[in-house]
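For reference, my_file12.cif (mmCIF, C-alpha atoms and all ligand atoms):
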```
data_structure
loop_
_atom_site.label_atom_id
_atom_site.label_comp_id
_atom_site.auth_asym_id
_atom_site.auth_seq_id
_atom_site.Cartn_x
_atom_site.Cartn_y
_atom_site.Cartn_z
CA MET H 26 0.00 0.00 0.00
CA ARG H 27 2.76 2.38 1.03
CA THR H 28 4.75 1.52 -2.13
CA LEU H 29 1.71 2.24 -4.27
CA LEU H 30 1.25 5.61 -2.60
CA THR H 31 4.92 6.50 -3.15
CA LEU H 32 4.61 5.55 -6.81
CA ILE H 33 1.52 7.69 -7.28
CA VAL H 34 3.14 10.70 -5.59
CA ALA H 35 6.26 10.25 -7.73
CA ALA H 36 4.16 10.03 -10.90
CA VAL H 37 2.30 13.23 -9.98
CA ILE H 38 5.57 15.06 -9.29
CA VAL H 39 7.02 13.92 -12.66
CA ALA H 40 3.85 14.97 -14.52
CA ALA H 41 3.80 18.36 -12.76
CA GLY H 42 7.50 18.81 -13.62
CA ALA H 43 6.82 18.01 -17.28
CA VAL H 44 3.96 20.52 -17.44
CA ALA H 45 6.10 23.15 -15.68
CA PHE H 46 8.87 22.53 -18.26
CA VAL H 47 6.42 22.98 -21.16
CA TYR H 48 5.21 26.33 -19.83
CA SER H 49 8.68 27.52 -18.79
CA GLY H 50 9.74 28.24 -22.39
CA LEU H 51 13.10 26.58 -21.75
CA TYR H 52 12.84 24.10 -24.64
CA ASP H 53 14.53 25.60 -27.70
CA VAL H 54 12.17 25.32 -30.69
CA SER H 55 14.58 27.07 -33.07
CA ALA H 56 14.95 25.25 -36.37
CA ARG H 57 18.66 26.07 -36.20
CA VAL H 58 19.19 23.73 -33.27
CA PRO H 59 19.16 20.02 -34.13
CA HIS H 60 16.95 17.63 -32.16
CA SER H 61 18.69 15.80 -29.35
CA GLY H 62 19.59 12.17 -30.07
CA PRO H 63 16.66 10.61 -28.15
CA VAL H 64 14.09 13.03 -29.63
CA GLN H 65 15.47 12.40 -33.12
CA TRP H 66 15.26 8.66 -32.56
CA LEU H 67 11.71 8.87 -31.24
CA LEU H 68 10.47 11.02 -34.14
CA SER H 69 12.15 9.13 -36.94
CA LYS H 70 11.26 5.64 -35.67
CA THR H 71 7.63 6.69 -35.10
CA SER H 72 7.47 8.16 -38.58
CA ASP H 73 9.17 5.22 -40.34
CA ALA H 74 6.86 2.69 -38.67
CA ALA H 75 3.73 4.77 -39.36
CA VAL H 76 4.61 5.19 -43.04
CA ALA H 77 5.47 1.49 -43.49
CA ARG H 78 2.22 0.40 -41.84
CA ARG H 79 -0.02 2.69 -43.90
CA ALA H 80 1.82 2.16 -47.18
CA SER H 81 1.36 -1.60 -46.99
CA ALA H 82 -2.32 -1.18 -47.96
CA ILE H 83 -1.60 0.83 -51.13
CA ASP H 84 -2.10 -0.68 -54.59
CA VAL H 85 0.84 0.42 -56.71
CA PRO H 86 0.06 0.96 -60.41
CA ASP H 87 2.57 0.04 -63.14
CA LEU H 88 5.23 2.75 -62.92
CA ALA H 89 7.43 1.45 -65.74
CA ALA H 90 6.15 3.69 -68.54
CA ASP H 91 8.66 6.40 -69.51
CA ALA H 92 5.81 8.82 -70.19
CA LEU H 93 4.81 8.66 -66.53
CA ALA H 94 8.30 9.53 -65.27
CA LEU H 95 8.55 12.25 -67.92
CA ALA H 96 5.35 13.81 -66.61
CA GLY H 97 6.71 13.39 -63.08
CA ILE H 98 9.90 15.38 -63.65
CA ASN H 99 7.91 18.53 -64.39
CA ASP H 100 5.84 17.97 -61.27
CA TYR H 101 9.01 17.30 -59.25
CA GLN H 102 10.65 20.46 -60.57
CA ALA H 103 7.56 22.53 -59.74
CA MET H 104 6.50 21.01 -56.41
CA CYS H 105 9.51 19.30 -54.80
CA ALA H 106 12.83 20.65 -56.07
CA GLY H 107 12.71 23.80 -53.92
CA CYS H 108 13.11 21.70 -50.78
CA HIS H 109 14.58 18.38 -52.00
CA GLY H 110 16.94 19.86 -54.59
CA ILE H 111 17.96 18.57 -57.99
CA PRO H 112 21.07 16.63 -59.03
CA GLY H 113 24.14 18.83 -59.29
CA GLN H 114 22.66 21.96 -57.74
CA ALA H 115 23.41 23.48 -54.33
CA ALA H 116 20.56 23.49 -51.82
CA SER H 117 18.24 26.52 -52.03
CA PRO H 118 18.07 29.03 -49.16
CA LEU H 119 14.70 27.53 -48.26
CA ALA H 120 16.12 24.01 -48.10
CA ARG H 121 19.08 25.15 -46.00
CA GLY H 122 16.74 26.39 -43.29
CA LEU H 123 14.65 23.25 -42.93
CA ASN H 124 14.86 21.17 -39.77
CA PRO H 125 14.53 18.28 -40.24
CA PRO H 126 16.23 18.70 -43.63
CA ALA H 127 14.40 17.56 -46.76
CA PRO H 128 16.23 14.33 -47.62
CA ASP H 129 17.94 13.66 -50.95
CA LEU H 130 15.16 11.66 -52.60
CA SER H 131 17.59 9.77 -54.84
CA VAL H 132 18.81 8.13 -51.62
CA SER H 133 15.29 7.73 -50.15
CA ALA H 134 14.07 6.06 -53.34
CA GLN H 135 16.60 3.28 -52.77
CA SER H 136 15.35 2.41 -49.30
CA MET H 137 11.64 3.25 -49.59
CA SER H 138 9.13 1.29 -51.66
CA PRO H 139 7.03 3.12 -54.30
CA ALA H 140 4.03 2.71 -51.97
CA GLU H 141 5.93 4.46 -49.15
CA LEU H 142 7.11 7.24 -51.47
CA PHE H 143 3.51 7.70 -52.57
CA TRP H 144 2.12 7.70 -49.03
CA VAL H 145 4.54 10.40 -47.83
CA THR H 146 3.96 12.49 -50.97
CA LYS H 147 0.20 12.30 -50.56
CA HIS H 148 -0.10 12.70 -46.79
CA GLY H 149 3.03 14.62 -45.79
CA ILE H 150 4.69 14.38 -42.36
CA LYS H 151 3.48 16.44 -39.41
CA MET H 152 5.78 19.09 -37.93
CA THR H 153 8.50 18.61 -40.54
CA GLY H 154 7.66 20.93 -43.43
CA MET H 155 6.86 17.99 -45.74
CA PRO H 156 3.47 19.03 -47.21
CA ALA H 157 0.51 16.72 -47.88
CA TRP H 158 0.22 17.06 -51.65
CA GLY H 159 -2.96 14.99 -51.48
CA ALA H 160 -4.70 18.04 -50.03
CA SER H 161 -4.55 19.63 -53.47
CA HIS H 162 -3.92 16.75 -55.90
CA ASP H 163 -5.74 13.53 -56.65
CA ASP H 164 -3.89 10.19 -56.67
CA ALA H 165 -3.60 10.06 -60.46
CA SER H 166 -1.68 13.32 -60.53
CA LEU H 167 0.75 12.15 -57.80
CA TRP H 168 1.81 8.77 -59.25
CA PRO H 169 3.92 10.39 -62.03
CA VAL H 170 6.15 12.07 -59.45
CA VAL H 171 6.53 8.71 -57.68
CA ALA H 172 7.48 7.08 -61.00
CA PHE H 173 10.02 9.85 -61.45
CA MET H 174 11.47 9.38 -57.94
CA THR H 175 12.18 5.72 -58.70
CA ARG H 176 14.40 6.90 -61.61
CA LEU H 177 16.11 9.64 -59.60
CA PRO H 178 18.96 7.46 -58.25
CA VAL H 179 20.45 7.02 -61.74
CA LEU H 180 20.18 10.67 -62.84
CA ASP H 181 23.23 12.93 -62.68
CA ALA H 182 23.02 16.71 -63.25
CA ASP H 183 23.25 16.43 -67.07
CA ALA H 184 20.77 13.58 -67.33
CA TYR H 185 18.32 15.48 -65.11
CA GLN H 186 18.51 18.60 -67.29
CA ALA H 187 18.21 16.54 -70.50
CA LEU H 188 15.14 14.74 -69.18
CA LEU H 189 13.61 18.03 -68.03
CA ALA H 190 14.17 19.56 -71.45
CA SER H 191 12.51 16.61 -73.15
CA ALA H 192 9.53 16.75 -70.79
CA THR H 193 7.99 19.98 -72.09
CA GLY H 194 4.25 19.47 -72.30
CA SER H 195 4.18 16.41 -70.00
CA GLY H 196 2.43 16.31 -66.66
CA HIS H 197 0.06 18.68 -64.94
CA HIS H 198 2.85 21.16 -64.25
CA SER H 199 3.99 21.23 -67.86
CA GLU H 200 4.10 24.60 -69.57
CA ALA H 201 0.97 23.74 -71.53
CA SER H 202 -1.17 22.98 -68.51
CA ASP H 203 0.32 25.80 -66.46
CA GLN H 204 -1.02 28.21 -69.04
CA GLY H 205 -4.60 27.56 -68.10
CA ALA H 206 -5.77 23.96 -68.36
CA THR H 207 -6.37 22.07 -65.15
CA ASP H 208 -6.04 18.40 -65.86
CA HIS H 209 -6.51 17.10 -62.35
CA GLY H 210 -9.92 18.36 -61.45
CA GLU H 211 -8.95 21.27 -59.23
CA PRO H 212 -12.05 23.14 -58.11
CA ASP H 213 -10.17 26.43 -58.11
CA ALA H 214 -9.85 27.61 -61.72
CA SER H 215 -7.02 30.01 -60.90
CA HIS H 216 -4.94 26.98 -59.92
CA GLY H 217 -4.34 26.35 -63.62
CA SER H 218 -1.74 29.06 -63.68
CA HIS H 219 -0.08 28.14 -60.42
CA ASP H 220 3.63 27.91 -60.15
CA HIS H 221 5.20 26.37 -57.08
CA THR H 222 8.71 26.89 -58.40
CA MET H 223 11.14 27.88 -55.67
CA THR H 224 14.27 26.06 -56.69
CA SER H 225 16.84 28.79 -56.48
CA HIS H 226 17.18 32.52 -56.66
CA GLY H 227 17.41 34.00 -60.08
CA GLU H 228 16.05 31.01 -61.92
CA ASP H 229 12.81 32.70 -62.78
CA SER H 230 11.06 35.92 -62.05
CA GLN H 231 9.34 34.50 -58.98
CA GLY H 232 12.70 33.38 -57.62
CA ASP H 233 14.08 36.85 -58.19
CA ALA H 234 11.14 38.43 -56.50
CA MET H 235 11.48 36.07 -53.54
CA ALA H 236 15.21 36.79 -53.29
CA LYS H 237 14.59 40.50 -53.31
CA LYS H 238 11.84 40.26 -50.76
CA ASN H 239 13.95 38.06 -48.49
CA SER H 240 16.95 40.34 -48.50
CA GLU H 241 14.78 43.38 -47.93
CA SER H 242 13.10 41.83 -44.93
CA ASP H 243 16.43 40.60 -43.54
CA ARG H 244 17.73 44.14 -43.62
CA HIS H 245 14.55 45.43 -42.16
CA HIS H 246 14.72 43.19 -39.14
CA ASP H 247 18.23 43.70 -37.88
CA GLY H 248 19.91 46.20 -40.16
CA HIS H 249 22.40 43.65 -41.54
CA ASP H 250 22.76 42.07 -44.91
CA HIS H 251 22.74 38.29 -44.98
CA GLU H 252 24.35 36.01 -47.45
CA HIS H 253 21.74 34.29 -49.62
C1 LIG H 301 8.51 22.78 -48.08
C2 LIG H 301 9.53 21.77 -48.27
C3 LIG H 301 9.17 20.49 -48.97
C4 LIG H 301 8.58 20.33 -50.19
C5 LIG H 301 8.12 21.42 -51.14
C6 LIG H 301 8.53 18.91 -50.42
N1 LIG H 301 9.06 18.23 -49.38
FE1 LIG H 301 9.24 16.21 -49.19
N2 LIG H 301 10.08 16.43 -47.35
C7 LIG H 301 10.34 17.65 -46.74
C8 LIG H 301 10.95 17.40 -45.45
C9 LIG H 301 11.40 18.45 -44.46
C10 LIG H 301 11.04 16.00 -45.31
C11 LIG H 301 11.62 15.23 -44.13
C12 LIG H 301 10.51 14.73 -43.25
C13 LIG H 301 11.05 13.91 -42.09
O1 LIG H 301 12.19 14.08 -41.66
O2 LIG H 301 10.30 13.05 -41.62
C14 LIG H 301 10.49 15.43 -46.53
C15 LIG H 301 10.38 14.07 -46.76
C16 LIG H 301 9.95 13.51 -47.94
C17 LIG H 301 9.95 12.09 -48.23
C18 LIG H 301 10.44 10.98 -47.28
C19 LIG H 301 11.91 10.76 -47.54
C20 LIG H 301 12.63 9.94 -46.50
O3 LIG H 301 13.80 9.54 -46.77
O4 LIG H 301 12.07 9.71 -45.43
C21 LIG H 301 9.46 11.94 -49.50
C22 LIG H 301 9.27 10.64 -50.26
C23 LIG H 301 9.15 13.26 -49.98
N3 LIG H 301 9.46 14.20 -49.02
C24 LIG H 301 8.65 13.51 -51.24
C25 LIG H 301 8.34 14.80 -51.71
C26 LIG H 301 7.76 15.03 -53.01
C27 LIG H 301 7.49 13.97 -54.05
C28 LIG H 301 7.57 16.39 -53.09
C29 LIG H 301 6.92 17.14 -54.23
C30 LIG H 301 5.68 16.62 -54.74
C31 LIG H 301 8.03 16.98 -51.85
N4 LIG H 301 8.50 15.97 -51.04
C32 LIG H 301 8.01 18.34 -51.57
C33 LIG H 301 10.09 18.90 -47.26
C34 LIG H 301 9.48 19.16 -48.46
#
```

Kindly present the structure from the file in structure tokens form.
Ligand code: HEC
Amino acid sequence: MRTLLTLIVAAVIVAAGAVAFVYSGLYDVSARVPHSGPVQWLLSKTSDAAVARRASAIDVPDLAADALALAGINDYQAMCAGCHGIPGQAASPLARGLNPPAPDLSVSAQSMSPAELFWVTKHGIKMTGMPAWGASHDDASLWPVVAFMTRLPVLDADAYQALLASATGSGHHSEASDQGATDHGEPDASHGSHDHTMTSHGEDSQGDAMAKKNSESDRHHDGHDHEH
């Protein structure tokens, strides 16, 4: 009886301590500070197991067709490259600030099954910056980017650029569809002209505008210029 009472008191003290810690503001949430080893372990194991479990129920279509991967490279370039990068190019300022970092998908594609790649692409991962693309895209418009990811491990910088050049007009982020047509049933008509491109500064006008805006706001905040 006495042991039980001691245990209960100890549990209450630990719980009160944990709540006090939460409200104290002592935990550093800065994205510039890496997670501690145990927290990192907890988060990544939980995530790996959750993805594996949910992906096991997914029916994977035939991803072998070149046309599918060709469509996927445009989607990758538009929706993923800004965070995950492309072969042969330095990480963008956005990617350099992510914690956890957006992994090199050419490495991920060697250890993850197509079903797992699809699940993460569709549902995203909480509290990491990995978006749920399924919130805005149906399954049929996400499989091409999965087909493309399975080819990513063999693409060097030149092969990536060559494939991208040959992919004009393929996929829902091709130039043709970006000029107005929505081929994946988006309810919002203005989505037809969307452009998620954020690969690197200076690559397009949006990149330039972002770069300018960033450096202006950096100066505004602390009066110093930052390297971008
Ligand atoms: C805003 C940044 C951002 C964008 C854009 C983004 N991702 Fe991610 N992605 C992340 C981050 C951060 C992670 C790491 C999550 C983690 O550590 O659990 C990630 C993880 C992943 C993973 C799991 C990889 C692994 O090794 O565990 C896949 C697959 C993935 N992303 C695919 C995509 C695809 C496909 C796109 C485009 C359709 C995309 N991502 C766009 C940030 C992004």

Starting from 8 Å padding per side, set up an axis-aligned box that covers all listed atoms of ligand LIG 301 (chain H) and hand over centre and edge lengths in Å, one decimal, as JSON.
```
{"center_x": 9.7, "center_y": 16.2, "center_z": -48.2, "size_x": 24.1, "size_y": 29.2, "size_z": 29.1}
```

So that each row is one residue of region 97-147 of chain H with an atom at most 10 Å from region 169-184 of chain H, can you give its shortest atom pair and the distance in Å to one decimal, using all atoms listed in the file, rows by chain and rising number, as a tab-separated table?
```
residue	atom	partner	partner_atom	distance
H:Gly97	CA	H:Val170	CA	3.9
H:Ile98	CA	H:Phe173	CA	6.0
H:Asn99	CA	H:Val170	CA	8.3
H:Asp100	CA	H:Val170	CA	6.2
H:Tyr101	CA	H:Val170	CA	6.0
H:Gln102	CA	H:Val170	CA	9.6
H:Met104	CA	H:Val170	CA	9.4
H:Cys105	CA	H:Val170	CA	9.2
H:Ile111	CA	H:Ala182	CA	7.5
H:Pro112	CA	H:Ala182	CA	4.6
H:Gly113	CA	H:Ala182	CA	4.6
H:Gln114	CA	H:Ala182	CA	7.6
H:Asp129	CA	H:Pro178	CA	9.6
H:Leu130	CA	H:Met174	CA	6.9
H:Ser131	CA	H:Pro178	CA	4.3
H:Val132	CA	H:Pro178	CA	6.7
H:Ser133	CA	H:Met174	CA	8.8
H:Ala134	CA	H:Thr175	CA	5.7
H:Gln135	CA	H:Pro178	CA	7.3
H:Met137	CA	H:Thr175	CA	9.5
H:Ser138	CA	H:Thr175	CA	8.9
H:Pro139	CA	H:Val171	CA	6.6
H:Ala140	CA	H:Val171	CA	8.7
H:Glu141	CA	H:Val171	CA	9.5
H:Leu142	CA	H:Val171	CA	6.4
H:Phe143	CA	H:Val171	CA	6.0
H:Trp144	CA	H:Val171	CA	9.8
H:Thr146	CA	H:Val171	CA	8.1
```

Task: Using all atoms listed in the file: which of H:Trp168, H:Ser161, H:Ala187, H:Pro126 has the shortest distance to ligand LIG 301 (chain H) - done: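 Smallest distance to ligand LIG 301 (chain H) is found for H:Pro126.
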
Open item on the list: Using all atoms listed in the file for the distances, tell me which of H:Leu68, H:Val54, H:Ala192, H:Leu30 is nearest to Ile150 (chain H).
Closed with: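 Of H:Leu68, H:Val54, H:Ala192, H:Leu30, the one nearest Ile150 (chain H), counting all atoms listed in the file, is H:Leu68.
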
TODO: Could you check which of H:Arg79, H:Asn124, H:Gly196, H:Gly50 is closest to Lys147 (chain H), using only C-alpha atoms?
DONE: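 Ranking H:Arg79, H:Asn124, H:Gly196, H:Gly50 by distance to Lys147 (chain H), first place goes to H:Arg79.
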
Open item on the list: If I take atom N3 of ligand LIG 301 (chain H) and CA of Gly149 (chain H), how far is one from the other in Å, to one decimal?
Closed with: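 Taking atom N3 of ligand LIG 301 (chain H) and CA of Gly149 (chain H), their separation equals 7.2 Å.
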
- [ ] Could you jot down the CA of Val47 (chain H) to CA of Thr31 (chain H) separation for me, Å, one decimal place?
- [x] 24.5 Å

Open item on the list: Considering all atoms listed in the file, can you say which of H:Ala74, H:Ala190, H:Ala82, H:Ala92 comes closest to ligand LIG 301 (chain H)?
Closed with: H:Ala74

- [ ] For CA of Asp73 (chain H) and CA of Leu88 (chain H), determine how far apart the two atoms are, in Å to one decimal place.
- [x] 23.1 Å
